[in-house]
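Q: My questions all concern the structure below.
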Amino acid sequence: MDAKTSSADLSGDAGSEVEAKGARRSRVSGIDRALQVIDHLYETGAPSGAYAIAKAIKAPLSTVYVIIDDLVEKNMLARNADGSIWLGARLYHYGLAYARSLDFMSVATHEMHDLCREAGETVQVCGRDGDYMLVLAMADGPSHYQVASRVGTRVPLNWTASGRLLVGHLPEAERIELFKRCARTSPTGRAEIDARTLSDSAGKAFEQRLSIQVAESDYAVACIASPVCDRSGECIATISIVLPEQKVFSDENHYTEHVRASAQRIEKLMGWRNH
């Protein structure tokens, strides 16, 4: 060390380094807070006020106001006429760009539209989001029958045929613990909530590559789903036909054959059929 270098110089350098690290921590904290706001809106699935958001993410209201204003200005969030906050158009564009980059979604979406034409009913591609089933893509059938669950809808895993398939590949003990944690009573009251029963039906459905639910999540609505499995044999998504419940009982085999074949075609095109 040069004799002329003073301890003040060293302490100054150290102080600058600490300040730089502090600034980086501050920026990361700001990003974390912004993500907490966005995640809260995504998880609740509905617009919310700044006070409710601040309370939910345990952040100072003044901080949340600043973050929301900044994100609204950048079109990451949108402010409704009543002052509530919702996800902005910029996030939608990011989502579209991400979806275009995924080979799987491209293949699955193409097959989804083909199945929609073949079956003449609404078809969905669904995935798992933690304790929920998430609608990833959807093709409306030609009839006037309206399906309540649209793209982005999240429902508990135990409510749907797809939800059970998405965890069917897991070990039995893991399935039981998962359903103990996440099983919820459905609006119709017909969805199974017993963890062991759900685990058994999920494992069986996965083995048979077919799951059927009737009026468990919505009145008079049925769903016939088949799993899409990757190279390791894990169910990463499902493809399903959503239709009025009376049609399931009138021609079940017609729909089950179509949905199984579609899932197999997706796996084949992705190079996963040898799992």
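Ordering of the structure tokens sets the chain letters (A, B, ...); residue numbers start at 1 within each chain; ligands are numbered from 1 in the order shown.
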Excluding segment 197-206 of chain A and any residue of its chain fewer than 5 positions from it, enumerate the residues within 12 Å of it, using only C-alpha atoms, and give them as a PDB file with N, CA and C atoms, in the first residue's frame.
A:
```
ATOM      1  N   LEU A 157     -57.627 -27.969  -7.557  1.00  0.00           N
ATOM      2  CA  LEU A 157     -57.343 -29.198  -8.301  1.00  0.00           C
ATOM      3  C   LEU A 157     -58.431 -30.253  -8.156  1.00  0.00           C
ATOM      4  N   ASN A 158     -59.090 -30.293  -6.996  1.00  0.00           N
ATOM      5  CA  ASN A 158     -60.070 -31.361  -6.777  1.00  0.00           C
ATOM      6  C   ASN A 158     -61.410 -31.117  -7.464  1.00  0.00           C
ATOM      7  N   TRP A 159     -61.587 -29.944  -8.090  1.00  0.00           N
ATOM      8  CA  TRP A 159     -62.867 -29.648  -8.728  1.00  0.00           C
ATOM      9  C   TRP A 159     -62.984 -30.219 -10.135  1.00  0.00           C
ATOM     10  N   THR A 160     -61.865 -30.512 -10.766  1.00  0.00           N
ATOM     11  CA  THR A 160     -61.920 -30.794 -12.202  1.00  0.00           C
ATOM     12  C   THR A 160     -61.245 -32.108 -12.582  1.00  0.00           C
ATOM     13  N   ALA A 161     -61.654 -32.604 -13.750  1.00  0.00           N
ATOM     14  CA  ALA A 161     -61.033 -33.801 -14.307  1.00  0.00           C
ATOM     15  C   ALA A 161     -59.556 -33.541 -14.582  1.00  0.00           C
ATOM     16  N   SER A 162     -59.256 -32.383 -15.136  1.00  0.00           N
ATOM     17  CA  SER A 162     -57.867 -32.034 -15.449  1.00  0.00           C
ATOM     18  C   SER A 162     -57.032 -31.909 -14.192  1.00  0.00           C
ATOM     19  N   GLY A 163     -57.608 -31.334 -13.147  1.00  0.00           N
ATOM     20  CA  GLY A 163     -56.868 -31.155 -11.900  1.00  0.00           C
ATOM     21  C   GLY A 163     -56.361 -32.460 -11.338  1.00  0.00           C
ATOM     22  N   ARG A 164     -57.175 -33.497 -11.390  1.00  0.00           N
ATOM     23  CA  ARG A 164     -56.758 -34.799 -10.865  1.00  0.00           C
ATOM     24  C   ARG A 164     -55.657 -35.406 -11.737  1.00  0.00           C
ATOM     25  N   LEU A 165     -55.786 -35.255 -13.053  1.00  0.00           N
ATOM     26  CA  LEU A 165     -54.759 -35.800 -13.943  1.00  0.00           C
ATOM     27  C   LEU A 165     -53.407 -35.124 -13.733  1.00  0.00           C
ATOM     28  N   LEU A 166     -53.433 -33.831 -13.476  1.00  0.00           N
ATOM     29  CA  LEU A 166     -52.194 -33.060 -13.363  1.00  0.00           C
ATOM     30  C   LEU A 166     -51.324 -33.489 -12.190  1.00  0.00           C
ATOM     31  N   VAL A 167     -51.915 -34.193 -11.225  1.00  0.00           N
ATOM     32  CA  VAL A 167     -51.130 -34.689 -10.088  1.00  0.00           C
ATOM     33  C   VAL A 167     -51.135 -36.214 -10.023  1.00  0.00           C
ATOM     34  N   GLY A 168     -51.716 -36.854 -11.034  1.00  0.00           N
ATOM     35  CA  GLY A 168     -51.835 -38.309 -11.027  1.00  0.00           C
ATOM     36  C   GLY A 168     -50.523 -39.048 -11.075  1.00  0.00           C
ATOM     37  N   HIS A 169     -49.474 -38.423 -11.612  1.00  0.00           N
ATOM     38  CA  HIS A 169     -48.167 -39.080 -11.716  1.00  0.00           C
ATOM     39  C   HIS A 169     -47.375 -39.027 -10.413  1.00  0.00           C
ATOM     40  N   LEU A 170     -47.811 -38.224  -9.457  1.00  0.00           N
ATOM     41  CA  LEU A 170     -47.080 -38.073  -8.198  1.00  0.00           C
ATOM     42  C   LEU A 170     -47.201 -39.331  -7.340  1.00  0.00           C
ATOM     43  N   PRO A 171     -46.239 -39.592  -6.454  1.00  0.00           N
ATOM     44  CA  PRO A 171     -46.362 -40.716  -5.525  1.00  0.00           C
ATOM     45  C   PRO A 171     -47.624 -40.569  -4.669  1.00  0.00           C
ATOM     46  N   GLU A 172     -48.182 -41.690  -4.260  1.00  0.00           N
ATOM     47  CA  GLU A 172     -49.454 -41.668  -3.535  1.00  0.00           C
ATOM     48  C   GLU A 172     -49.401 -40.789  -2.290  1.00  0.00           C
ATOM     49  N   ALA A 173     -48.359 -40.917  -1.499  1.00  0.00           N
ATOM     50  CA  ALA A 173     -48.259 -40.131  -0.268  1.00  0.00           C
ATOM     51  C   ALA A 173     -48.248 -38.636  -0.561  1.00  0.00           C
ATOM     52  N   GLU A 174     -47.567 -38.266  -1.628  1.00  0.00           N
ATOM     53  CA  GLU A 174     -47.497 -36.852  -2.003  1.00  0.00           C
ATOM     54  C   GLU A 174     -48.858 -36.345  -2.471  1.00  0.00           C
ATOM     55  N   ARG A 175     -49.588 -37.200  -3.203  1.00  0.00           N
ATOM     56  CA  ARG A 175     -50.930 -36.808  -3.650  1.00  0.00           C
ATOM     57  C   ARG A 175     -51.855 -36.591  -2.453  1.00  0.00           C
ATOM     58  N   ILE A 176     -51.783 -37.488  -1.489  1.00  0.00           N
ATOM     59  CA  ILE A 176     -52.655 -37.389  -0.317  1.00  0.00           C
ATOM     60  C   ILE A 176     -52.375 -36.096   0.446  1.00  0.00           C
ATOM     61  N   GLU A 177     -51.100 -35.799   0.677  1.00  0.00           N
ATOM     62  CA  GLU A 177     -50.749 -34.579   1.399  1.00  0.00           C
ATOM     63  C   GLU A 177     -51.186 -33.339   0.635  1.00  0.00           C
ATOM     64  N   LEU A 178     -51.044 -33.380  -0.693  1.00  0.00           N
ATOM     65  CA  LEU A 178     -51.444 -32.245  -1.526  1.00  0.00           C
ATOM     66  C   LEU A 178     -52.942 -31.993  -1.406  1.00  0.00           C
ATOM     67  N   PHE A 179     -53.740 -33.056  -1.532  1.00  0.00           N
ATOM     68  CA  PHE A 179     -55.192 -32.890  -1.467  1.00  0.00           C
ATOM     69  C   PHE A 179     -55.656 -32.515  -0.060  1.00  0.00           C
ATOM     70  N   LYS A 180     -54.956 -32.977   0.966  1.00  0.00           N
ATOM     71  CA  LYS A 180     -55.294 -32.545   2.331  1.00  0.00           C
ATOM     72  C   LYS A 180     -55.165 -31.034   2.450  1.00  0.00           C
ATOM     73  N   CYS A 182     -55.133 -28.720  -0.241  1.00  0.00           N
ATOM     74  CA  CYS A 182     -55.765 -27.834  -1.222  1.00  0.00           C
ATOM     75  C   CYS A 182     -57.206 -28.166  -1.575  1.00  0.00           C
ATOM     76  N   ALA A 183     -57.738 -29.313  -1.164  1.00  0.00           N
ATOM     77  CA  ALA A 183     -59.109 -29.671  -1.535  1.00  0.00           C
ATOM     78  C   ALA A 183     -60.110 -28.678  -0.946  1.00  0.00           C
ATOM     79  N   ARG A 184     -61.013 -28.207  -1.778  1.00  0.00           N
ATOM     80  CA  ARG A 184     -62.029 -27.237  -1.365  1.00  0.00           C
ATOM     81  C   ARG A 184     -63.415 -27.713  -1.807  1.00  0.00           C
ATOM     82  N   ALA A 191     -68.008 -31.817  -5.675  1.00  0.00           N
ATOM     83  CA  ALA A 191     -66.593 -32.168  -5.818  1.00  0.00           C
ATOM     84  C   ALA A 191     -66.120 -32.935  -4.584  1.00  0.00           C
ATOM     85  N   GLU A 192     -65.404 -34.019  -4.806  1.00  0.00           N
ATOM     86  CA  GLU A 192     -64.863 -34.827  -3.716  1.00  0.00           C
ATOM     87  C   GLU A 192     -63.836 -34.008  -2.941  1.00  0.00           C
ATOM     88  N   SER A 211     -59.947 -38.833 -17.533  1.00  0.00           N
ATOM     89  CA  SER A 211     -60.647 -38.382 -16.331  1.00  0.00           C
ATOM     90  C   SER A 211     -61.936 -37.682 -16.759  1.00  0.00           C
ATOM     91  N   ILE A 212     -63.011 -38.000 -16.069  1.00  0.00           N
ATOM     92  CA  ILE A 212     -64.325 -37.420 -16.384  1.00  0.00           C
ATOM     93  C   ILE A 212     -64.933 -36.843 -15.110  1.00  0.00           C
ATOM     94  N   GLN A 213     -65.423 -35.623 -15.196  1.00  0.00           N
ATOM     95  CA  GLN A 213     -66.159 -35.051 -14.067  1.00  0.00           C
ATOM     96  C   GLN A 213     -67.460 -34.467 -14.597  1.00  0.00           C
ATOM     97  N   ILE A 224     -64.261 -33.947 -20.048  1.00  0.00           N
ATOM     98  CA  ILE A 224     -63.564 -35.198 -20.340  1.00  0.00           C
ATOM     99  C   ILE A 224     -62.139 -34.830 -20.710  1.00  0.00           C
ATOM    100  N   ALA A 225     -61.166 -35.287 -19.920  1.00  0.00           N
ATOM    101  CA  ALA A 225     -59.782 -34.848 -20.087  1.00  0.00           C
ATOM    102  C   ALA A 225     -58.818 -36.016 -20.218  1.00  0.00           C
ATOM    103  N   SER A 226     -57.698 -35.750 -20.914  1.00  0.00           N
ATOM    104  CA  SER A 226     -56.635 -36.735 -21.059  1.00  0.00           C
ATOM    105  C   SER A 226     -55.300 -36.034 -20.789  1.00  0.00           C
ATOM    106  N   PRO A 227     -54.335 -36.742 -20.185  1.00  0.00           N
ATOM    107  CA  PRO A 227     -53.071 -36.099 -19.824  1.00  0.00           C
ATOM    108  C   PRO A 227     -52.085 -35.997 -20.982  1.00  0.00           C
ATOM    109  N   VAL A 228     -51.290 -34.946 -20.962  1.00  0.00           N
ATOM    110  CA  VAL A 228     -50.159 -34.790 -21.876  1.00  0.00           C
ATOM    111  C   VAL A 228     -48.905 -34.931 -21.019  1.00  0.00           C
ATOM    112  N   CYS A 229     -48.126 -35.989 -21.272  1.00  0.00           N
ATOM    113  CA  CYS A 229     -46.973 -36.308 -20.431  1.00  0.00           C
ATOM    114  C   CYS A 229     -45.663 -36.050 -21.163  1.00  0.00           C
ATOM    115  N   GLY A 233     -42.537 -38.807 -18.147  1.00  0.00           N
ATOM    116  CA  GLY A 233     -43.813 -39.416 -17.780  1.00  0.00           C
ATOM    117  C   GLY A 233     -44.654 -38.567 -16.855  1.00  0.00           C
ATOM    118  N   GLU A 234     -44.253 -37.326 -16.604  1.00  0.00           N
ATOM    119  CA  GLU A 234     -45.033 -36.440 -15.746  1.00  0.00           C
ATOM    120  C   GLU A 234     -46.093 -35.706 -16.559  1.00  0.00           C
ATOM    121  N   CYS A 235     -47.271 -35.556 -15.994  1.00  0.00           N
ATOM    122  CA  CYS A 235     -48.346 -34.833 -16.656  1.00  0.00           C
ATOM    123  C   CYS A 235     -48.077 -33.338 -16.546  1.00  0.00           C
ATOM    124  N   ILE A 236     -47.752 -32.708 -17.652  1.00  0.00           N
ATOM    125  CA  ILE A 236     -47.452 -31.277 -17.628  1.00  0.00           C
ATOM    126  C   ILE A 236     -48.654 -30.435 -18.053  1.00  0.00           C
ATOM    127  N   ALA A 237     -49.643 -31.095 -18.660  1.00  0.00           N
ATOM    128  CA  ALA A 237     -50.839 -30.379 -19.121  1.00  0.00           C
ATOM    129  C   ALA A 237     -51.922 -31.407 -19.424  1.00  0.00           C
ATOM    130  N   THR A 238     -53.115 -30.910 -19.683  1.00  0.00           N
ATOM    131  CA  THR A 238     -54.204 -31.779 -20.137  1.00  0.00           C
ATOM    132  C   THR A 238     -54.890 -31.120 -21.312  1.00  0.00           C
ATOM    133  N   ARG A 260     -58.390 -38.662 -25.993  1.00  0.00           N
ATOM    134  CA  ARG A 260     -57.185 -39.479 -25.808  1.00  0.00           C
ATOM    135  C   ARG A 260     -56.263 -39.369 -27.023  1.00  0.00           C
TER     136      ARG A 260
END
```
Q: Can you tell me which residues surround segment 242-244 of chain A at a distance of at most 12 Å, considering only C-alpha atoms, apart from same-chain residues fewer than 4 positions away, and format the answer as number ranges by chain?
A: A: 112, 115-116, 119-126, 135, 138-150, 160-162, 212-215, 217-225, 248-252, 255-256, 259
Q: Suppose we keep C-alpha atoms; can you now write the selection as a PDB file, in the first residue's frame?
A:
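Written file, result-v5.pdb:
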```pdb
ATOM      1  CA  MET A 112     -56.906 -27.943 -29.475  1.00  0.00           C
ATOM      2  CA  LEU A 115     -60.205 -31.343 -31.592  1.00  0.00           C
ATOM      3  CA  CYS A 116     -62.734 -28.536 -31.321  1.00  0.00           C
ATOM      4  CA  ALA A 119     -65.823 -32.993 -31.425  1.00  0.00           C
ATOM      5  CA  GLY A 120     -67.956 -29.947 -32.117  1.00  0.00           C
ATOM      6  CA  GLU A 121     -67.511 -28.815 -28.516  1.00  0.00           C
ATOM      7  CA  THR A 122     -65.401 -26.381 -26.494  1.00  0.00           C
ATOM      8  CA  VAL A 123     -61.845 -27.596 -25.870  1.00  0.00           C
ATOM      9  CA  GLN A 124     -59.340 -26.415 -23.273  1.00  0.00           C
ATOM     10  CA  VAL A 125     -55.652 -26.942 -22.570  1.00  0.00           C
ATOM     11  CA  CYS A 126     -54.965 -26.769 -18.842  1.00  0.00           C
ATOM     12  CA  VAL A 135     -56.815 -22.764 -18.121  1.00  0.00           C
ATOM     13  CA  MET A 138     -59.353 -22.437 -25.096  1.00  0.00           C
ATOM     14  CA  ALA A 139     -61.272 -22.946 -28.344  1.00  0.00           C
ATOM     15  CA  ASP A 140     -65.008 -22.228 -28.225  1.00  0.00           C
ATOM     16  CA  GLY A 141     -67.267 -24.834 -29.761  1.00  0.00           C
ATOM     17  CA  PRO A 142     -69.725 -23.949 -32.552  1.00  0.00           C
ATOM     18  CA  SER A 143     -72.793 -24.209 -30.309  1.00  0.00           C
ATOM     19  CA  HIS A 144     -74.236 -21.402 -28.189  1.00  0.00           C
ATOM     20  CA  TYR A 145     -73.312 -23.293 -25.018  1.00  0.00           C
ATOM     21  CA  GLN A 146     -71.261 -20.960 -22.830  1.00  0.00           C
ATOM     22  CA  VAL A 147     -68.424 -22.201 -20.606  1.00  0.00           C
ATOM     23  CA  ALA A 148     -67.752 -20.133 -17.493  1.00  0.00           C
ATOM     24  CA  SER A 149     -64.052 -21.005 -17.182  1.00  0.00           C
ATOM     25  CA  ARG A 150     -62.058 -18.897 -19.641  1.00  0.00           C
ATOM     26  CA  THR A 160     -61.920 -30.794 -12.202  1.00  0.00           C
ATOM     27  CA  ALA A 161     -61.033 -33.801 -14.307  1.00  0.00           C
ATOM     28  CA  SER A 162     -57.867 -32.034 -15.449  1.00  0.00           C
ATOM     29  CA  ILE A 212     -64.325 -37.420 -16.384  1.00  0.00           C
ATOM     30  CA  GLN A 213     -66.159 -35.051 -14.067  1.00  0.00           C
ATOM     31  CA  VAL A 214     -69.820 -34.120 -14.194  1.00  0.00           C
ATOM     32  CA  ALA A 215     -71.264 -31.022 -12.486  1.00  0.00           C
ATOM     33  CA  SER A 217     -67.414 -27.370 -10.411  1.00  0.00           C
ATOM     34  CA  ASP A 218     -70.348 -25.924 -12.403  1.00  0.00           C
ATOM     35  CA  TYR A 219     -73.963 -26.997 -12.653  1.00  0.00           C
ATOM     36  CA  ALA A 220     -74.833 -29.027 -15.776  1.00  0.00           C
ATOM     37  CA  VAL A 221     -71.227 -28.864 -17.059  1.00  0.00           C
ATOM     38  CA  ALA A 222     -69.103 -31.933 -17.758  1.00  0.00           C
ATOM     39  CA  CYS A 223     -65.457 -32.333 -18.696  1.00  0.00           C
ATOM     40  CA  ILE A 224     -63.564 -35.198 -20.340  1.00  0.00           C
ATOM     41  CA  ALA A 225     -59.782 -34.848 -20.087  1.00  0.00           C
ATOM     42  CA  VAL A 248     -71.530 -37.198 -21.808  1.00  0.00           C
ATOM     43  CA  PHE A 249     -74.086 -39.860 -20.995  1.00  0.00           C
ATOM     44  CA  SER A 250     -75.474 -39.989 -24.533  1.00  0.00           C
ATOM     45  CA  ASP A 251     -72.171 -40.559 -26.381  1.00  0.00           C
ATOM     46  CA  GLU A 252     -69.280 -40.860 -23.916  1.00  0.00           C
ATOM     47  CA  TYR A 255     -65.600 -37.985 -26.845  1.00  0.00           C
ATOM     48  CA  THR A 256     -63.178 -40.149 -24.877  1.00  0.00           C
ATOM     49  CA  VAL A 259     -59.574 -36.564 -26.400  1.00  0.00           C
TER      50      VAL A 259
END
```
Q: Taking only C-alpha atoms into account, name the residue in A:Arg190, A:Lys55, A:Ile31, A:Leu136 that is nearest to Phe104 of chain A.
A: A:Leu136
Q: If we count only C-alpha atoms, what is near segment 61-64 of chain A at a cut-off of 8 Å, once residues fewer than 5 positions away on the same chain are taken out, given as number ranges by chain?
A: A: 33, 37, 50-51, 53-55
Q: Which of segment 10-223 of chain A end up as alpha helix (DSSP H) when DSSP is run on this backbone - answer as number ranges by chain?
A: A: 10-44, 50-57, 61-73, 89-101, 103-119, 161-166, 172-182, 195-208
Q: Find, counting only C-alpha atoms, the residue in A:Ile266, A:Pro187, A:Ala195, A:Gly271 that gets nearest to His110 of chain A.
A: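 Using only C-alpha atoms, His110 of chain A sits closest to A:Ile266.
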Q: Could you pull the residues within 12 Å of Ile38 of chain A, counting only C-alpha atoms, minus those fewer than 2 positions along the same chain, as a PyMOL selection string?
A: chain A and resi 31-36+40-48+50+53-54+56-57+64+67-68+71-72+76-78+85-88+91
Q: Just the strand (DSSP E or B) stuff from segment 101-238 of chain A, please, per backbone DSSP, written as a ChimeraX atom specification.
A: /A:122-129,132-139,154-156,211-214,221-229,235-238
Q: For His254 of chain A, which residue among A:Glu118, A:Asp230, A:Glu216, A:Glu267 is the nearest when counting only C-alpha atoms?
A: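 Distance minimum relative to His254 of chain A lands on A:Glu118.
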Q: Atom CA of Ala108 of chain A to atom CA of Gly127 of chain A: how many Å, to one decimal?
A: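 Taking atom CA of Ala108 of chain A and atom CA of Gly127 of chain A, their separation equals 11.6 Å.
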Q: May I ask which of the residues A:Arg273, A:Gly30, A:Ala261, A:Arg90 is the closest one to Ser232 of chain A, counting only C-alpha atoms?
A: A:Arg273
